[in-house]
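Here is the structure we will look at, set down as structure tokens.
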Amino acid sequence: MKRLLTFVLLALVFGCTSTSFAQLTHQQKVADFKALVALYNKNYGPYEWKLKAFNYDLLNIEPWLDQVNSSTDDLSFYDICVRYVASLHDSHDEVILPSYYEAYLPITADIYDGKVLIDFIDRTVLDPQTYPFSVGDELLAVDGKSVGQWVSALAPYSVNGEANPESRDRLAVGAILDRYQGWYTYANKVNPGDTATIVVKSGGKVASYALPWFTIGIPLDQEGPVPNPNANALAHSAFSQSAVKRPMRQMARAARNAWGQWTGASAPRPAASSTPGNKLRDRMRNFSALHTAHVVAGGIYPFGSPFPLFNPPPGFQLRLGANPTDEFLSGTFPVGNRTIGFIRIPSFEPLSEGNALAQFQNEITYFEQNTNGLVVDLMSNGGGDACYANFLAQYLSPKPFNALRLEIRATEEWILEVENFLLEEEFAGAPQGTLNLIAKYLAVLQQTAAENRGLTPPIPLLGNLFCTGGGGIAYPPATDGEGNNVAYTKPIVVLTDNFTLSAAEFFSATLQDAKAITVYGVRTDGGGGNVVEFDYNSMPYAEGSARVTQSLGVRNHVISAPGLPPGPFIENLGIQPDVWADYQTRANLFTGGQPFVNGFSALIYKLTNGH
């Protein structure tokens, strides 16, 4: 009864009443756009790299201002801002609209062997007698537009994938069928009760089908200026709630539960702790995708999913993953006469860092004693806390290692935060050597800002000193309570895909540079710096928010990627695998990833000196 009453009230509030908002004024749009430009001008770290890599100058705003001046409504203005930031080709940076509205179809698709194939069908909605297409059939068109045309049109809205063309295109395919207005301006064009006409090629035959759209939330149609009693009234649409999306995801999760994992609700996340230097570390440590309830390409496999994309290897024995407090999925499986450990790190944003570190140490200790090699799954790991990633890396490198250094966009805010960190460490009684190191990097920030150079030289702000508040810059191997080295000493294979992003890329690059791992998969997403979200102050009138990359991660050697200049960066270049293996094939789709699993099993067997 209470739930029914809630929906009645929502309908009354959002369906029957109206506001006094009209369209944003021309002056407000210009002011907001210039505020957005100023935000990036002040804070964006990869500015010079984007000039070199794409010949895109975010400060060349005249063409964009021309579009703003000619925009006729609020949504077209939002869209100009979205496309302006998307032109940076940055997986971390986007303009986010103030809307949770989402419209989606009861199927998902992705790119396999260069074709867009259906990879999930909600049969509770689509009866096979009426909709006889199957998983693996090719999606050719939606509403009279080919999938190729859709991918081109939706490319600017591929949030979390703009840095890598393959990641971007896969996310654009996902957006054809699942339109989230927080990212895609014109998702509001789909209304409750609408249908889409899809064209599918199945068994050599081409046929069209009408599919129902499902919607969640209230569409954003216009923002309006500050309240004005003389403006034309704007009637809001009623709130809509789908009965399909959650069951659709639950079915998808169950389909992937060949591993025997927990599929219920997650354990509650502990409250964030307050520690000295917390603000600095929050800013410095945030290397993550933009997470929402919205999912990525394929529609059912989100960033941070606890589920591996593939079925388990033959003979897999589960250790972690069956309980809601398990931060990882782990276990062992046989390959020939070898026993191989397996652990999936779903993200670098654990429910509890303390619990996660304890579990990881326990698993690595077990693997060291009972396995010949280890496979670490980072596929669709959307990143998170870069310091936590370094803490886990300590268990996988038996020798000391250096974290990637950062070129920081020097601002007064950074200077104040590092200064505050220095004062707190001094108050806490840190050794003079520690204080001297912090003061040294504070001076680098000050000098860079004074010389108006933008980026600092590479400095170790992800080093042990700044992440732990003590010690030197290098990370030692992990030790137990008695000081014994507990890092894994045997061969390690790390699995990557197009959606291995940000902190997951820093984790992989750090260990790859330390020659502690072999990377198996494809080039990763290419999100190469810390990111800060600036809420509604980004666009005060339009109430949009924006995320801004403030630094560039620097590796210890230059790498290359097709179509890009070489550089020592993760940004756009991503992590290059040591052994190339693309999961996005028909063979993997139809067999639960059997060729992919066979490939990494053969590789780890070889690395353990198997025959």
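By convention here, the chains of the structure tokens are called A, B, ... in the order presented, each chain's residues are numbered starting at 1, and ligands are numbered starting at 1 in the order presented.
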Any idea what's packed within 9 Å of stretch 511-525 of chain A, counting only C-alpha atoms, ignoring anything in its chain fewer than 4 positions away? Could you give it as an MDAnalysis selection string? chainID A and resid 91 160:168 379 393 396:403 489 491:502 505:507 555:557 561 570:583 596 599:600 603:604
Residues as selected, C-alpha atoms, written as an mmCIF file, in the first residue's frame, can you do that?
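Wrote out.cif, looks like this:
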```cif
data_model
loop_
_atom_site.group_PDB
_atom_site.id
_atom_site.type_symbol
_atom_site.label_atom_id
_atom_site.label_comp_id
_atom_site.auth_asym_id
_atom_site.auth_seq_id
_atom_site.Cartn_x
_atom_site.Cartn_y
_atom_site.Cartn_z
ATOM 1 C CA SER A 91 37.777 7.900 -21.037
ATOM 2 C CA ASN A 160 34.278 5.414 -20.114
ATOM 3 C CA GLY A 161 35.509 4.491 -23.593
ATOM 4 C CA GLU A 162 36.474 7.608 -25.536
ATOM 5 C CA ALA A 163 40.226 6.999 -25.235
ATOM 6 C CA ASN A 164 40.256 3.787 -27.276
ATOM 7 C CA PRO A 165 38.374 3.423 -30.603
ATOM 8 C CA GLU A 166 37.428 -0.190 -29.878
ATOM 9 C CA SER A 167 36.143 0.609 -26.388
ATOM 10 C CA ARG A 168 34.241 3.608 -27.776
ATOM 11 C CA MET A 379 38.696 -7.728 -17.509
ATOM 12 C CA ALA A 393 50.622 -5.207 -6.339
ATOM 13 C CA LEU A 396 52.508 -9.971 -6.751
ATOM 14 C CA SER A 397 56.048 -8.612 -6.948
ATOM 15 C CA PRO A 398 58.757 -10.381 -4.898
ATOM 16 C CA LYS A 399 61.074 -7.410 -5.460
ATOM 17 C CA PRO A 400 60.606 -3.715 -4.563
ATOM 18 C CA PHE A 401 58.924 -1.666 -7.274
ATOM 19 C CA ASN A 402 58.151 1.947 -8.056
ATOM 20 C CA ALA A 403 54.607 3.096 -8.755
ATOM 21 C CA THR A 489 57.204 -15.728 -6.584
ATOM 22 C CA PRO A 491 54.661 -16.943 -12.995
ATOM 23 C CA ILE A 492 51.635 -14.625 -13.189
ATOM 24 C CA VAL A 493 49.331 -13.975 -16.162
ATOM 25 C CA VAL A 494 47.065 -10.894 -16.036
ATOM 26 C CA LEU A 495 43.922 -10.859 -18.225
ATOM 27 C CA THR A 496 42.861 -7.565 -19.851
ATOM 28 C CA ASP A 497 40.198 -6.355 -22.267
ATOM 29 C CA ASN A 498 38.966 -3.075 -23.794
ATOM 30 C CA PHE A 499 37.285 -2.173 -20.489
ATOM 31 C CA THR A 500 40.275 -2.667 -18.225
ATOM 32 C CA LEU A 501 40.494 0.952 -17.153
ATOM 33 C CA SER A 502 42.318 3.509 -15.035
ATOM 34 C CA GLU A 505 45.731 -0.086 -16.059
ATOM 35 C CA PHE A 506 48.121 1.488 -13.542
ATOM 36 C CA PHE A 507 48.195 -1.822 -11.642
ATOM 37 C CA ARG A 555 55.764 4.744 -17.282
ATOM 38 C CA ASN A 556 59.443 3.893 -17.324
ATOM 39 C CA HIS A 557 59.553 3.422 -21.112
ATOM 40 C CA ALA A 561 49.656 2.235 -30.334
ATOM 41 C CA ILE A 570 48.726 5.137 -20.321
ATOM 42 C CA GLU A 571 46.429 7.911 -21.590
ATOM 43 C CA ASN A 572 44.975 6.700 -24.937
ATOM 44 C CA LEU A 573 47.882 4.274 -25.410
ATOM 45 C CA GLY A 574 46.594 1.836 -22.798
ATOM 46 C CA ILE A 575 48.397 -1.340 -21.774
ATOM 47 C CA GLN A 576 49.787 -3.370 -24.653
ATOM 48 C CA PRO A 577 49.431 -7.115 -24.007
ATOM 49 C CA ASP A 578 52.467 -9.359 -24.083
ATOM 50 C CA VAL A 579 50.275 -12.034 -25.687
ATOM 51 C CA TRP A 580 47.380 -10.823 -27.860
ATOM 52 C CA ALA A 581 44.024 -12.587 -27.376
ATOM 53 C CA ASP A 582 40.686 -10.985 -28.263
ATOM 54 C CA TYR A 583 37.696 -12.244 -26.305
ATOM 55 C CA PHE A 596 40.121 -17.653 -24.462
ATOM 56 C CA GLY A 599 44.697 -19.752 -24.449
ATOM 57 C CA PHE A 600 45.548 -18.367 -21.009
ATOM 58 C CA LEU A 603 50.223 -19.697 -21.550
ATOM 59 C CA ILE A 604 50.465 -20.110 -17.777
#
```
Could you give me, as a short mmCIF file (atom, residue, chain, number, x, y, z; two decimals) with N, CA, C and O atoms, in the first residue's frame, the residues within 9 Å of A:Lys34, counting only C-alpha atoms and dropping anything in the same chain fewer than 4 positions from it?
```
data_model
loop_
_atom_site.label_atom_id
_atom_site.label_comp_id
_atom_site.auth_asym_id
_atom_site.auth_seq_id
_atom_site.Cartn_x
_atom_site.Cartn_y
_atom_site.Cartn_z
N LYS A 29 23.54 30.39 -21.22
CA LYS A 29 24.24 29.32 -21.95
C LYS A 29 25.69 29.71 -22.23
O LYS A 29 26.60 28.90 -22.06
N VAL A 30 25.89 30.94 -22.65
CA VAL A 30 27.26 31.39 -22.91
C VAL A 30 28.08 31.37 -21.62
O VAL A 30 29.24 30.93 -21.60
N ALA A 38 36.63 27.09 -18.71
CA ALA A 38 37.56 27.54 -17.67
C ALA A 38 37.93 26.39 -16.74
O ALA A 38 39.09 26.28 -16.30
N LEU A 39 36.97 25.54 -16.44
CA LEU A 39 37.22 24.39 -15.57
C LEU A 39 38.31 23.49 -16.18
O LEU A 39 39.25 23.08 -15.49
N ILE A 61 37.80 27.76 -28.80
CA ILE A 61 36.37 27.64 -28.49
C ILE A 61 35.47 28.39 -29.45
O ILE A 61 34.24 28.29 -29.33
N LEU A 65 31.54 28.16 -29.51
CA LEU A 65 30.70 29.31 -29.14
C LEU A 65 29.70 29.65 -30.24
O LEU A 65 28.57 30.06 -29.96
N MET A 539 28.58 23.85 -14.39
CA MET A 539 27.64 24.57 -15.26
C MET A 539 26.50 25.06 -14.37
O MET A 539 25.46 24.40 -14.28
#
```
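Neighbours of stretch 533-535 of chain A closer than or equal to 6 Å, with only C-alpha atoms counted and sequence neighbours fewer than 2 positions away skipped, come out as Asn537, Ser538, Ser545, Ala546 and Arg547 of chain A.
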How would the residues just chosen look if you wrote them out with C-alpha atoms as an mmCIF file, in the first residue's frame?
```
data_model
loop_
_atom_site.group_PDB
_atom_site.id
_atom_site.type_symbol
_atom_site.label_atom_id
_atom_site.label_comp_id
_atom_site.auth_asym_id
_atom_site.auth_seq_id
_atom_site.Cartn_x
_atom_site.Cartn_y
_atom_site.Cartn_z
ATOM 1 C CA ASN A 537 29.372 24.325 -10.152
ATOM 2 C CA SER A 538 30.718 23.149 -13.533
ATOM 3 C CA SER A 545 28.520 18.243 -13.775
ATOM 4 C CA ALA A 546 31.855 17.327 -15.328
ATOM 5 C CA ARG A 547 34.766 15.040 -14.594
#
```
Mind checking which residues fall within 9 Å of stretch 325-336 of chain A, counting only C-alpha atoms, ignoring those fewer than 3 positions away in the same chain, and posting them as a PyMOL selection string? chain A and resi 259+261-262+266-268+306-308+312-322+339-346+350-352+355-356+359-360+363+367+371+374+601-602+604-605+610-611
Which residues are close to A:Thr197, i.e. within 6 Å by only C-alpha atoms, leaving aside same-chain residues fewer than 4 positions away? Reply as a list in words.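 Once the nearby chain positions are removed, what remains is Val142, Asp143, Tyr209 and Ala210 of chain A.
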Using backbone DSSP assignments, extract all alpha helix (DSSP H) residues from stretch 266-415 of chain A; output them as JSON, numbers by chain. {"A": [278, 279, 280, 281, 282, 283, 284, 285, 353, 354, 355, 356, 357, 358, 359, 360, 361, 362, 363, 364, 365, 366, 367, 368, 369, 370, 386, 387, 388, 389, 390, 391, 392, 393, 412, 413, 414, 415]}
With N, CA and C atoms retained, could you export that selection as a short mmCIF file (atom, residue, chain, number, x, y, z; two decimals), in the first residue's frame?
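File written: result00.cif
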```
data_model
loop_
_atom_site.label_atom_id
_atom_site.label_comp_id
_atom_site.auth_asym_id
_atom_site.auth_seq_id
_atom_site.Cartn_x
_atom_site.Cartn_y
_atom_site.Cartn_z
N ASN A 278 43.49 13.00 4.17
CA ASN A 278 42.45 12.26 3.47
C ASN A 278 42.01 12.96 2.20
N LYS A 279 41.88 14.29 2.23
CA LYS A 279 41.42 15.01 1.05
C LYS A 279 42.41 14.87 -0.09
N LEU A 280 43.70 15.03 0.22
CA LEU A 280 44.72 14.86 -0.79
C LEU A 280 44.67 13.47 -1.37
N ARG A 281 44.57 12.47 -0.49
CA ARG A 281 44.61 11.10 -0.98
C ARG A 281 43.37 10.75 -1.77
N ASP A 282 42.21 11.27 -1.39
CA ASP A 282 41.00 11.03 -2.17
C ASP A 282 41.16 11.57 -3.58
N ARG A 283 41.71 12.78 -3.68
CA ARG A 283 41.91 13.40 -4.99
C ARG A 283 42.96 12.62 -5.79
N MET A 284 44.06 12.32 -5.14
CA MET A 284 45.19 11.68 -5.80
C MET A 284 44.87 10.24 -6.19
N ARG A 285 44.08 9.55 -5.37
CA ARG A 285 43.88 8.11 -5.54
C ARG A 285 42.75 7.75 -6.48
N GLU A 353 38.49 -1.95 2.46
CA GLU A 353 39.89 -2.13 2.08
C GLU A 353 40.61 -3.06 3.04
N GLY A 354 40.36 -2.93 4.33
CA GLY A 354 41.01 -3.80 5.30
C GLY A 354 40.66 -5.26 5.08
N ASN A 355 39.37 -5.54 4.86
CA ASN A 355 38.92 -6.90 4.61
C ASN A 355 39.52 -7.43 3.31
N ALA A 356 39.55 -6.56 2.28
CA ALA A 356 40.08 -6.98 0.97
C ALA A 356 41.57 -7.33 1.07
N LEU A 357 42.35 -6.50 1.76
CA LEU A 357 43.78 -6.77 1.88
C LEU A 357 44.04 -8.06 2.66
N ALA A 358 43.25 -8.29 3.70
CA ALA A 358 43.40 -9.53 4.47
C ALA A 358 43.07 -10.74 3.62
N GLN A 359 41.99 -10.66 2.84
CA GLN A 359 41.61 -11.78 1.97
C GLN A 359 42.67 -12.01 0.89
N PHE A 360 43.17 -10.92 0.31
CA PHE A 360 44.15 -11.06 -0.75
C PHE A 360 45.43 -11.70 -0.21
N GLN A 361 45.87 -11.26 0.96
CA GLN A 361 47.07 -11.85 1.55
C GLN A 361 46.86 -13.34 1.81
N ASN A 362 45.71 -13.69 2.32
CA ASN A 362 45.44 -15.10 2.61
C ASN A 362 45.46 -15.93 1.34
N GLU A 363 44.87 -15.39 0.26
CA GLU A 363 44.84 -16.14 -1.00
C GLU A 363 46.23 -16.28 -1.60
N ILE A 364 47.01 -15.19 -1.60
CA ILE A 364 48.35 -15.25 -2.19
C ILE A 364 49.24 -16.19 -1.38
N THR A 365 49.09 -16.18 -0.07
CA THR A 365 49.85 -17.12 0.77
C THR A 365 49.50 -18.56 0.41
N TYR A 366 48.22 -18.81 0.25
CA TYR A 366 47.79 -20.16 -0.15
C TYR A 366 48.33 -20.52 -1.53
N PHE A 367 48.22 -19.59 -2.49
CA PHE A 367 48.67 -19.86 -3.85
C PHE A 367 50.19 -20.12 -3.89
N GLU A 368 50.94 -19.35 -3.11
CA GLU A 368 52.39 -19.54 -3.07
C GLU A 368 52.75 -20.95 -2.62
N GLN A 369 51.99 -21.47 -1.69
CA GLN A 369 52.29 -22.79 -1.13
C GLN A 369 51.71 -23.94 -1.95
N ASN A 370 50.68 -23.67 -2.77
CA ASN A 370 49.93 -24.78 -3.35
C ASN A 370 49.77 -24.72 -4.86
N ALA A 386 43.98 4.09 -6.67
CA ALA A 386 45.29 3.71 -7.20
C ALA A 386 46.24 3.26 -6.10
N CYS A 387 46.11 3.82 -4.89
CA CYS A 387 46.97 3.37 -3.79
C CYS A 387 46.62 1.94 -3.39
N TYR A 388 45.33 1.63 -3.31
CA TYR A 388 44.90 0.26 -3.02
C TYR A 388 45.42 -0.69 -4.09
N ALA A 389 45.43 -0.26 -5.35
CA ALA A 389 45.98 -1.09 -6.42
C ALA A 389 47.46 -1.37 -6.17
N ASN A 390 48.20 -0.37 -5.70
CA ASN A 390 49.61 -0.59 -5.38
C ASN A 390 49.78 -1.51 -4.19
N PHE A 391 48.88 -1.42 -3.22
CA PHE A 391 48.96 -2.32 -2.07
C PHE A 391 48.78 -3.78 -2.52
N LEU A 392 47.84 -4.03 -3.44
CA LEU A 392 47.66 -5.40 -3.95
C LEU A 392 48.88 -5.82 -4.78
N ALA A 393 49.45 -4.88 -5.52
CA ALA A 393 50.62 -5.21 -6.34
C ALA A 393 51.79 -5.68 -5.48
N GLU A 412 46.65 26.03 -7.38
CA GLU A 412 46.78 26.45 -5.98
C GLU A 412 46.12 25.42 -5.06
N GLU A 413 45.06 24.77 -5.53
CA GLU A 413 44.39 23.76 -4.70
C GLU A 413 45.32 22.59 -4.41
N TRP A 414 46.05 22.13 -5.46
CA TRP A 414 47.03 21.06 -5.25
C TRP A 414 48.10 21.51 -4.25
N ILE A 415 48.59 22.73 -4.41
CA ILE A 415 49.63 23.23 -3.51
C ILE A 415 49.14 23.25 -2.07
#
```
List as a ChimeraX atom specification the protein and nucleic acid residues near stretch 462-470 of chain A, meaning an atom at most 7 Å away when only C-alpha atoms are counted, but skip any in the same chain fewer than 2 places from it. /A:387,402-405,434,460,472-475
Under the rule that only C-alpha atoms are counted, which of A:Pro106, A:Ser158, A:Ser347, A:Ile111 is the nearest residue to A:Arg123?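 Looking at the shortest contact to A:Arg123, the residue is A:Pro106.
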Taking only C-alpha atoms into account, which of A:Pro46, A:Gly544, A:Pro128, A:Gly144 comes nearest A:Ile96?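 Smallest distance to A:Ile96 is found for A:Gly544.
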What is the atom CA of A:Ala289-atom CA of A:Val531 distance in Å, reported with one decimal?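 Those two atoms sit 9.0 Å apart.
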